[in-house]
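What follows is the content of entry.txt, which has compact mmCIF, C-alpha atoms:
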# COMPACT_ATOMS: atom_id res chain seq x y z
CA MET A 1 -171.63 -51.24 -160.89
CA THR A 2 -170.14 -53.08 -157.98
CA ALA A 3 -170.85 -52.25 -154.36
CA GLU A 4 -168.10 -50.41 -152.55
CA ARG A 5 -166.15 -52.86 -150.45
CA GLN A 6 -166.30 -52.06 -146.76
CA PRO A 7 -163.10 -52.38 -144.74
CA LEU A 8 -162.90 -55.40 -142.53
CA GLU A 9 -163.54 -54.67 -138.90
CA VAL A 10 -160.85 -56.17 -136.68
CA THR A 11 -161.45 -56.37 -132.99
CA THR A 12 -158.88 -57.30 -130.42
CA SER A 13 -159.38 -58.04 -126.78
CA LEU A 14 -156.77 -57.45 -124.13
CA PRO A 15 -156.26 -60.08 -121.45
CA PRO A 16 -157.99 -59.13 -118.20
CA THR A 17 -155.83 -57.46 -115.59
CA PRO A 18 -155.03 -59.93 -112.80
CA ARG A 19 -156.91 -59.05 -109.65
CA ILE A 20 -155.15 -58.98 -106.30
CA ARG A 21 -156.74 -61.36 -103.81
CA VAL A 22 -156.59 -60.03 -100.26
CA LEU A 23 -157.09 -61.69 -96.88
CA LEU A 24 -158.03 -59.29 -94.09
CA ALA A 25 -157.45 -60.38 -90.49
CA ASP A 26 -158.39 -58.17 -87.52
CA ASP A 27 -160.31 -58.95 -84.35
CA GLU A 28 -162.22 -55.64 -84.62
CA GLU A 29 -165.15 -55.95 -87.02
CA MET A 30 -165.32 -52.19 -87.57
CA ILE A 31 -161.68 -52.13 -88.70
CA ARG A 32 -162.29 -54.96 -91.16
CA HIS A 33 -165.38 -53.18 -92.45
CA GLY A 34 -163.50 -49.92 -92.96
CA VAL A 35 -160.56 -51.51 -94.75
CA ARG A 36 -162.89 -53.54 -96.93
CA LEU A 37 -164.76 -50.39 -98.00
CA ILE A 38 -161.47 -48.68 -98.89
CA LEU A 39 -160.18 -51.60 -100.94
CA ARG A 40 -163.52 -51.91 -102.72
CA HIS A 41 -162.72 -48.65 -104.52
CA ALA A 42 -159.69 -50.26 -106.20
CA GLU A 43 -160.64 -51.87 -109.49
CA ASP A 44 -157.86 -54.46 -109.24
CA ILE A 45 -158.30 -55.61 -105.61
CA ASP A 46 -160.73 -58.14 -104.12
CA VAL A 47 -161.09 -58.96 -100.42
CA VAL A 48 -161.69 -62.70 -100.77
CA ALA A 49 -161.46 -63.73 -97.10
CA GLU A 50 -161.71 -62.25 -93.61
CA ALA A 51 -160.65 -63.53 -90.20
CA ALA A 52 -161.12 -62.41 -86.60
CA ASN A 53 -157.93 -64.04 -85.30
CA GLY A 54 -154.64 -65.48 -86.50
CA ALA A 55 -155.83 -69.09 -86.54
CA GLU A 56 -158.78 -68.20 -88.77
CA ALA A 57 -156.43 -66.26 -91.04
CA VAL A 58 -154.15 -69.26 -91.54
CA ASP A 59 -157.12 -71.55 -92.22
CA ALA A 60 -158.60 -69.07 -94.71
CA ALA A 61 -155.32 -68.68 -96.61
CA ALA A 62 -154.87 -72.44 -96.70
CA ALA A 63 -158.39 -72.94 -98.06
CA GLN A 64 -157.94 -70.55 -101.00
CA PRO A 65 -154.86 -68.82 -102.40
CA VAL A 66 -154.44 -65.15 -101.52
CA ASP A 67 -151.88 -62.72 -102.87
CA VAL A 68 -151.71 -60.33 -99.90
CA ALA A 69 -152.64 -60.88 -96.26
CA LEU A 70 -153.28 -57.77 -94.16
CA ILE A 71 -152.81 -58.96 -90.58
CA ASP A 72 -153.24 -57.18 -87.25
CA ILE A 73 -150.65 -57.92 -84.56
CA ARG A 74 -152.78 -58.23 -81.43
CA MET A 75 -155.50 -60.82 -81.97
CA PRO A 76 -156.94 -63.62 -79.82
CA VAL A 77 -156.32 -67.37 -80.25
CA LEU A 78 -153.22 -66.78 -82.41
CA ASP A 79 -151.63 -63.35 -82.68
CA GLY A 80 -150.47 -61.81 -85.93
CA LEU A 81 -146.79 -62.49 -85.38
CA ALA A 82 -147.40 -66.21 -84.81
CA ALA A 83 -149.78 -66.29 -87.77
CA ILE A 84 -147.08 -64.89 -90.09
CA GLU A 85 -144.80 -67.83 -89.39
CA GLN A 86 -147.50 -70.21 -90.60
CA LEU A 87 -148.69 -68.06 -93.51
CA VAL A 88 -145.23 -67.81 -95.08
CA ARG A 89 -144.99 -71.61 -95.14
CA LEU A 90 -148.08 -71.94 -97.34
CA ARG A 91 -147.76 -72.67 -101.05
CA PRO A 92 -148.50 -70.44 -102.80
CA LYS A 93 -147.19 -68.06 -100.17
CA PRO A 94 -149.06 -64.79 -99.60
CA GLN A 95 -147.24 -61.52 -99.09
CA VAL A 96 -147.97 -60.61 -95.47
CA VAL A 97 -148.33 -56.98 -94.42
CA MET A 98 -148.85 -56.10 -90.77
CA LEU A 99 -151.68 -53.58 -90.47
CA THR A 100 -151.59 -52.23 -86.93
CA THR A 101 -151.56 -49.28 -84.56
CA PHE A 102 -148.37 -50.51 -82.90
CA GLY A 103 -145.28 -49.19 -84.68
CA ASP A 104 -142.62 -49.64 -82.02
CA GLU A 105 -139.23 -51.06 -82.97
CA GLU A 106 -139.78 -54.42 -81.28
CA ASN A 107 -142.98 -55.12 -83.24
CA VAL A 108 -141.40 -53.99 -86.52
CA THR A 109 -138.35 -56.18 -85.99
CA ARG A 110 -140.35 -59.23 -84.91
CA ALA A 111 -142.75 -58.89 -87.85
CA LEU A 112 -139.93 -58.69 -90.39
CA GLN A 113 -138.03 -61.53 -88.75
CA ALA A 114 -141.18 -63.66 -88.88
CA GLY A 115 -141.35 -63.15 -92.64
CA ALA A 116 -143.64 -60.16 -93.14
CA SER A 117 -143.24 -58.23 -96.38
CA GLY A 118 -144.08 -54.96 -94.71
CA PHE A 119 -145.54 -52.98 -91.87
CA LEU A 120 -148.40 -50.49 -92.30
CA LEU A 121 -149.92 -48.31 -89.60
CA LYS A 122 -153.70 -48.03 -89.44
CA ASP A 123 -153.63 -44.23 -89.62
CA GLU A 124 -152.41 -44.28 -93.23
CA GLY A 125 -154.77 -42.73 -95.78
CA PRO A 126 -157.04 -44.75 -98.11
CA GLN A 127 -154.83 -44.30 -101.18
CA GLU A 128 -151.74 -45.26 -99.21
CA LEU A 129 -153.48 -48.48 -98.16
CA ILE A 130 -154.44 -49.31 -101.74
CA ASN A 131 -150.92 -48.51 -102.97
CA ALA A 132 -149.45 -50.69 -100.22
CA VAL A 133 -151.54 -53.69 -101.28
CA ARG A 134 -150.45 -53.24 -104.88
CA ALA A 135 -146.80 -52.84 -103.90
CA ALA A 136 -146.89 -55.94 -101.71
CA ALA A 137 -148.51 -57.98 -104.48
CA ALA A 138 -145.67 -56.87 -106.78
CA GLY A 139 -143.10 -58.12 -104.27
CA ASP A 140 -141.90 -54.77 -102.94
CA ALA A 141 -141.37 -53.96 -99.29
CA VAL A 142 -144.21 -51.96 -97.74
CA LEU A 143 -143.36 -49.75 -94.78
CA SER A 144 -145.14 -46.81 -93.22
CA PRO A 145 -142.99 -43.66 -93.07
CA GLY A 146 -143.20 -43.77 -89.29
CA VAL A 147 -141.39 -47.11 -89.10
CA THR A 148 -138.85 -46.57 -91.88
CA GLY A 149 -136.23 -45.34 -89.42
CA HIS A 150 -136.48 -48.54 -87.38
CA VAL A 151 -135.88 -50.70 -90.44
CA VAL A 152 -132.97 -48.62 -91.72
CA LYS A 153 -131.33 -48.78 -88.29
CA ARG A 154 -131.72 -52.54 -88.24
CA MET A 155 -130.30 -52.94 -91.75
CA LEU A 156 -127.29 -50.78 -90.97
CA GLN A 157 -126.65 -53.01 -87.96
CA GLY A 158 -126.77 -56.09 -90.17
CA GLY A 159 -130.34 -57.15 -89.42
CA GLY A 160 -131.00 -58.13 -93.00
CA ALA A 161 -134.53 -56.80 -93.43
CA ARG A 162 -135.83 -57.13 -96.97
CA ILE A 163 -136.13 -53.92 -98.97
CA GLY A 164 -136.82 -55.16 -102.49
CA SER A 165 -134.85 -57.12 -105.04
CA SER A 166 -133.88 -54.32 -107.45
CA PHE A 167 -131.90 -52.14 -105.02
CA THR A 168 -128.12 -52.01 -105.26
CA ALA A 169 -125.82 -49.89 -103.16
CA HIS A 170 -123.13 -49.26 -105.79
CA ALA A 171 -121.93 -45.69 -106.38
CA PRO A 172 -124.37 -43.82 -104.10
CA ASP A 173 -122.88 -40.47 -105.14
CA GLN A 174 -123.86 -41.15 -108.75
CA ARG A 175 -127.39 -41.94 -107.66
CA LEU A 176 -127.64 -38.53 -105.99
CA SER A 177 -126.08 -36.54 -108.84
CA GLY A 178 -129.42 -35.59 -110.42
CA LEU A 179 -131.08 -34.36 -107.22
CA THR A 180 -131.80 -30.72 -106.50
CA ASP A 181 -130.72 -29.17 -103.20
CA ARG A 182 -134.27 -29.41 -101.87
CA GLU A 183 -134.53 -33.06 -102.91
CA ARG A 184 -131.29 -33.76 -101.04
CA GLU A 185 -132.82 -32.15 -97.97
CA VAL A 186 -135.90 -34.35 -98.26
CA LEU A 187 -133.74 -37.43 -98.85
CA ALA A 188 -131.78 -36.72 -95.67
CA MET A 189 -135.07 -36.51 -93.76
CA LEU A 190 -136.14 -39.83 -95.26
CA GLY A 191 -132.87 -41.19 -93.94
CA ALA A 192 -133.89 -39.99 -90.50
CA GLY A 193 -137.16 -41.89 -90.84
CA LEU A 194 -139.35 -38.78 -90.77
CA PRO A 195 -142.93 -39.11 -92.09
CA ASN A 196 -144.21 -36.78 -94.80
CA LEU A 197 -146.10 -34.52 -92.38
CA GLU A 198 -142.98 -33.89 -90.31
CA ILE A 199 -140.88 -33.26 -93.42
CA GLY A 200 -143.44 -30.72 -94.58
CA ARG A 201 -143.47 -29.01 -91.18
CA ARG A 202 -139.69 -28.73 -91.03
CA LEU A 203 -139.37 -27.40 -94.58
CA ASP A 204 -142.55 -25.30 -94.39
CA ILE A 205 -144.05 -26.93 -97.48
CA GLY A 206 -147.36 -28.69 -98.12
CA LEU A 207 -147.96 -32.42 -97.90
CA GLY A 208 -148.57 -32.67 -101.64
CA THR A 209 -145.24 -30.99 -102.33
CA VAL A 210 -143.47 -33.42 -100.02
CA LYS A 211 -145.03 -36.38 -101.84
CA THR A 212 -143.92 -34.90 -105.16
CA HIS A 213 -140.35 -34.55 -103.89
CA VAL A 214 -140.34 -38.13 -102.58
CA GLY A 215 -141.64 -39.46 -105.88
CA ARG A 216 -138.95 -37.61 -107.83
CA ILE A 217 -136.26 -38.81 -105.44
CA LEU A 218 -137.29 -42.43 -105.93
CA GLU A 219 -137.34 -41.98 -109.71
CA LYS A 220 -134.01 -40.15 -109.97
CA THR A 221 -132.13 -42.47 -107.62
CA GLY A 222 -133.61 -45.68 -109.03
CA THR A 223 -134.96 -46.71 -105.64
CA ASP A 224 -138.27 -48.55 -105.20
CA SER A 225 -139.31 -47.49 -101.71
CA ARG A 226 -138.73 -45.01 -98.91
CA VAL A 227 -136.64 -47.61 -97.10
CA GLN A 228 -134.27 -47.95 -100.04
CA ALA A 229 -134.02 -44.17 -100.32
CA ALA A 230 -133.38 -43.85 -96.58
CA LEU A 231 -130.62 -46.43 -96.71
CA LEU A 232 -129.10 -44.61 -99.69
CA ALA A 233 -129.08 -41.36 -97.68
CA HIS A 234 -127.02 -43.07 -94.96
CA ARG A 235 -124.61 -44.69 -97.39
CA ALA A 236 -124.11 -41.42 -99.26
CA GLY A 237 -123.20 -39.59 -96.07
CA LEU A 238 -126.19 -37.24 -96.00
CA MET A 239 -126.87 -37.87 -92.33
CA GLY A 240 -123.85 -35.89 -91.14
Please render this file's structure as structure tokens.
Amino acid sequence: MTAERQPLEVTTSLPPTPRIRVLLADDEEMIRHGVRLILRHAEDIDVVAEAANGAEAVDAAAAQPVDVALIDIRMPVLDGLAAIEQLVRLRPKPQVVMLTTFGDEENVTRALQAGASGFLLKDEGPQELINAVRAAAAGDAVLSPGVTGHVVKRMLQGGGARIGSSFTAHAPDQRLSGLTDREREVLAMLGAGLPNLEIGRRLDIGLGTVKTHVGRILEKTGTDSRVQAALLAHRAGLMG
């Protein structure tokens, strides 16, 4: 009698998921501490360097490659806007996202002109911050809802702000054909640059419902960001 042959055990190992290396630059230690704690909860993100001013940020990014640099605008020695101009000349070049409390049009425009990939306000939630880092690392534009209107206005005036490489403006009516009436309403409000909370207030719906509508709009229209969707709303004539 021969022993029953056991099946061969085959094991495979998947390549490790690339981790996103983040540089955090802010002159307020408490802000850096808070952002670091938030990003620590993301399994694919590492804060590999910190800086208290723009000059330190440039030196840190030059000393070791980083994928995303979260940079405050108002810092001593070298402010964030001046730091961007040096960071984008590094090779490899990090994706620079302004993380600030100042969302006025002048700051948004100057940051994008300097080469920033996006603009994020400090009052965004933890998950929005994590999502923004991931989006920036993937090469997409990152913009807080509160500043979307500024960017759309600038693009319509020929400012040339970047909104992602996959967006095309052909046949906007076809892009909107699969939207419900409520989704068209939300899209028009995105075109006006309204944040989710304001959209929810105007439509008398919850924040989670607004986020669901926005996600479906992006999926159905083939847009990658709120900015792309907002621009589509203008080009499709939803703004009246």
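Comparing the minimum interatomic distances between Gly222 (chain A) and each of A:Pro76, A:Gly178, A:Gly191, A:Pro65, counting all atoms listed in the file, we find that A:Gly178 sits nearest.
Put simply, CA of Asp27 (chain A) is 5.7 Å away from CA of Met75 (chain A).
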Quiz item: Which residues, written as a ChimeraX atom specification, have at least one atom at most 10 Å from region 60-64 of chain A, with all atoms listed in the file counted and residues fewer than 2 positions away on the same chain left out?
Solution: /A:21-25,48-51,54-58,66-69,86-87,90-94
Take every atom of region 21-34 of chain A listed in the file, pad by 6 Å on each side, and give me the axis-aligned box centre and edge lengths in Å, one decimal, as lines of an AutoDock Vina configuration file.
center_x = -161.0
center_y = -55.8
center_z = -94.1
size_x = 20.8
size_y = 23.8
size_z = 31.5
Exercise. Would you kindly return, as a list in words, each protein, DNA or RNA residue with an atom no farther than 12 Å from any atom of Gly34 (chain A), considering only C-alpha atoms and excluding same-chain residues fewer than 6 positions away?
Key: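 Residues meeting the cut-off are Leu24, Asp26, Glu28, Arg40, His41, Val47, Lys122, Asp123, Gly125, Pro126 and Leu129 of chain A.
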Quiz item: Glu124 (chain A): which residues within 12 Å, counting all atoms listed in the file, same-chain residues fewer than 2 positions away excluded, as a list of chain:residue names?
Solution: A:Val35, A:Ile38, A:Leu99, A:Thr100, A:Thr101, A:Phe119, A:Leu120, A:Leu121, A:Lys122, A:Pro126, A:Gln127, A:Glu128, A:Leu129, A:Ile130, A:Asn131, A:Ala132, A:Leu143, A:Ser144, A:Pro145, A:Gly146, A:Pro195, A:Asn196, A:Leu197
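The nearest approach to Gln228 (chain A) among the residues A:Ile205, A:Arg89, A:Leu37, A:Val142, with all atoms listed in the file taken into account, belongs to A:Val142.
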Exercise. Rank nothing, just name the residue among A:His234, A:Ile20, A:Val214, A:Thr209 nearest to Asp173 (chain A), using all atoms listed in the file.
Key: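 Among the listed residues, A:His234 lies closest to Asp173 (chain A).
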Quiz prompt | Å distance separating CA of Asp204 (chain A) from CA of Arg226 (chain A), one decimal place | solution =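 Going from CA of Asp204 (chain A) over to CA of Arg226 (chain A) covers 20.6 Å.
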Self-check item: Gap from CA of Gly208 (chain A) to CA of Gly237 (chain A) - Å, one decimal
Solution: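 Separation between CA of Gly208 (chain A) and CA of Gly237 (chain A): 26.9 Å.
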